[in-house]
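Colleague: My questions all concern the structure below.
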Amino acid sequence: MARKRQGGGSQPPAPSVSSSLESDRASLERSFSSSSSPRPSFRQSTPRPSSRQPSFSAVPSSSAPSYVPPASSASPAPARPSSAPPRTGGTSGQRDHKGRWRGMDADRDMSDDQQDITRGRDMVDSLFQGFGAGVGGTHNAVLSSTEYLSTAMRTLGNIEDGFYIAPAFLDKLSIHIAKNFLDLPKIKVPLILGIWGGKGQGKTFQCNLAYKKLGIAPIVMSAGELESGNAGEPAKLIRQRYREASDIIKKGKMSSLFINDLDAGAGRMGDATQYTVNNQMVNATLMNIADNPTNVQLPGVYKNEEIPRVPIVCTGNDFSTLYAPLIRDGRMEKYYWNPTREDRIGVCMGIFQNDNVSRADVETLVDAFPGQSIDFFGALRARVYDDKVREWIGGIGVENMGKRLVNSKEGKVEFDKPSMPLSTLMHYGNLLVEEQENVKRVQLADEYMSGAALAGASGSSLPEGYRAR
């Protein structure tokens, strides 16, 4: 028998292995719950086979679970499923990228800072939208759309195909634009191309066709914008339009500044034309831009900022009316446009391309009116519709014409294409020539300015038939 301890008390039992395992388990659970790493599992259906696994033979298998110590403090990352394909690198050009930021790519950047600011409204937290209607928010455009959006850029998308472009004209314009975009060593390329010639010879339309073929959206100015009631306003406008075209080039698209009828807005038409300060400043501004094409600043801005060079193309009838230093060879390259017979026939073929007029008839028509400009044949085609319009007015009545033409519920008035044989074209062509001769022959201004032209036997009110008698 075992000896009893003095004092009458019995010896406390030794701590069991199961209680120590439970305390270790609780401490491990507390440590893993406080850390961010995932907690390992203590209950495994199949124990890990290991030769070093301790054996607790003194503890029954039903009283305590088998304990497997973790291999490391951090659990390994789960393996990627075999069904998912591995992610490979690549650029956006290797896939069909049509996201909402497609317009920001370099090849088609048509972004607009002021409009992009407005589009961002309601896409961020309301804290930045301002109070009430967002008056003081960060997504209000600095300028309104009518002030900022350009009305001078022409896309030329309304011009149909099939019109004739003179090869010499296209050659001159394309070489001038290419030379201004190329970096030619130690060569001073004129910035301005001045295309001048007779009235109605198609200078502007040929420029539009060439711009469309070259894929250029020009910034357009007219002669009426070169004069203003405010001194210095036209010169400022030229700088703004030039910088606007430069911004388009900076975004990755070709552009050009196109000025129509430069001599009519900045030239001196004899002594009767008043030479204003705006005429002087327009000439001086174009001279300055031609000398410094990459440093064009707005009035009052003196920041030395280099901008892309913009080729300038201008048209006119007589460049001798311009300031002589402006049209010198180093600043302006001049090109006299006088279409040849082949050019006139090619343009007329484009005018009558939808009217089934043969080339032989077009050649006969051009040779019959050699002294007429190209727009004469466009006016001739418009006169052929007179019979159709006269017939339509007779059908509905003159009193009902306004109701049918303006805000009519029946839609647009459509006509069948009239027949255009050579005899009809020659008839209307002769009528146009007669009207031109009347303007040159009568000239009532000379009679009225020279003295009092009263009615009588030789007065200007005498009908043509009585004069012949």
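By convention in this document, the chains of the structure tokens carry letters A, B, ... by their order, each chain's residues are numbered from 1, and ligands are numbered from 1 in the order they are shown.
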Fewer than 3 positions away in the same chain doesn't count, so skip those; otherwise give me all residues within 12 Å of stretch 381-385 of chain A, counting only C-alpha atoms, as a PyMOL selection string.
Modeller: chain A and resi 348-355+357+362+365+374-378+388-392+414-432
Colleague: List every residue of stretch 234-436 of chain A that DSSP, applied to the backbone of this structure, places in alpha helix (DSSP H), and write the result as an NGL selection string.
Modeller: :A and (234-250 or 262-266 or 277-291 or 341-351 or 359-368 or 375-383 or 386-396 or 401-405 or 422-436)
Colleague: Which residue, A:Glu244, A:Glu306, A:Glu233, A:Glu410, has the smallest gap to A:Asn278 when you use only C-alpha atoms?
Modeller: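 Under the stated criterion, the closest residue is A:Glu233.
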Colleague: Rounded to one decimal, what separation in Å do you get between atom CA of A:Lys251 and atom CA of A:Ile192?
Modeller: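 The value is 22.3 Å.
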Colleague: Find, counting only C-alpha atoms, the residue in A:Arg268, A:Arg359, A:Arg243, A:Lys199 that gets nearest to A:Arg309.
Modeller: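 Using only C-alpha atoms, A:Arg309 sits closest to A:Arg243.
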Colleague: Each residue of stretch 189-261 of chain A with at least one atom at most 7 Å from stretch 281-293 of chain A should appear once, together with its nearest atom pair and the corresponding distance in Å (one decimal); atoms considered: only C-alpha atoms; ordering: chain, then increasing residue number; output as a tab-separated table.
Modeller:
residue	atom	partner	partner_atom	distance
A:Leu191	CA	A:Ala290	CA	5.5
A:Gly232	CA	A:Met281	CA	6.8
A:Pro234	CA	A:Val282	CA	6.7
A:Ala235	CA	A:Val282	CA	5.1
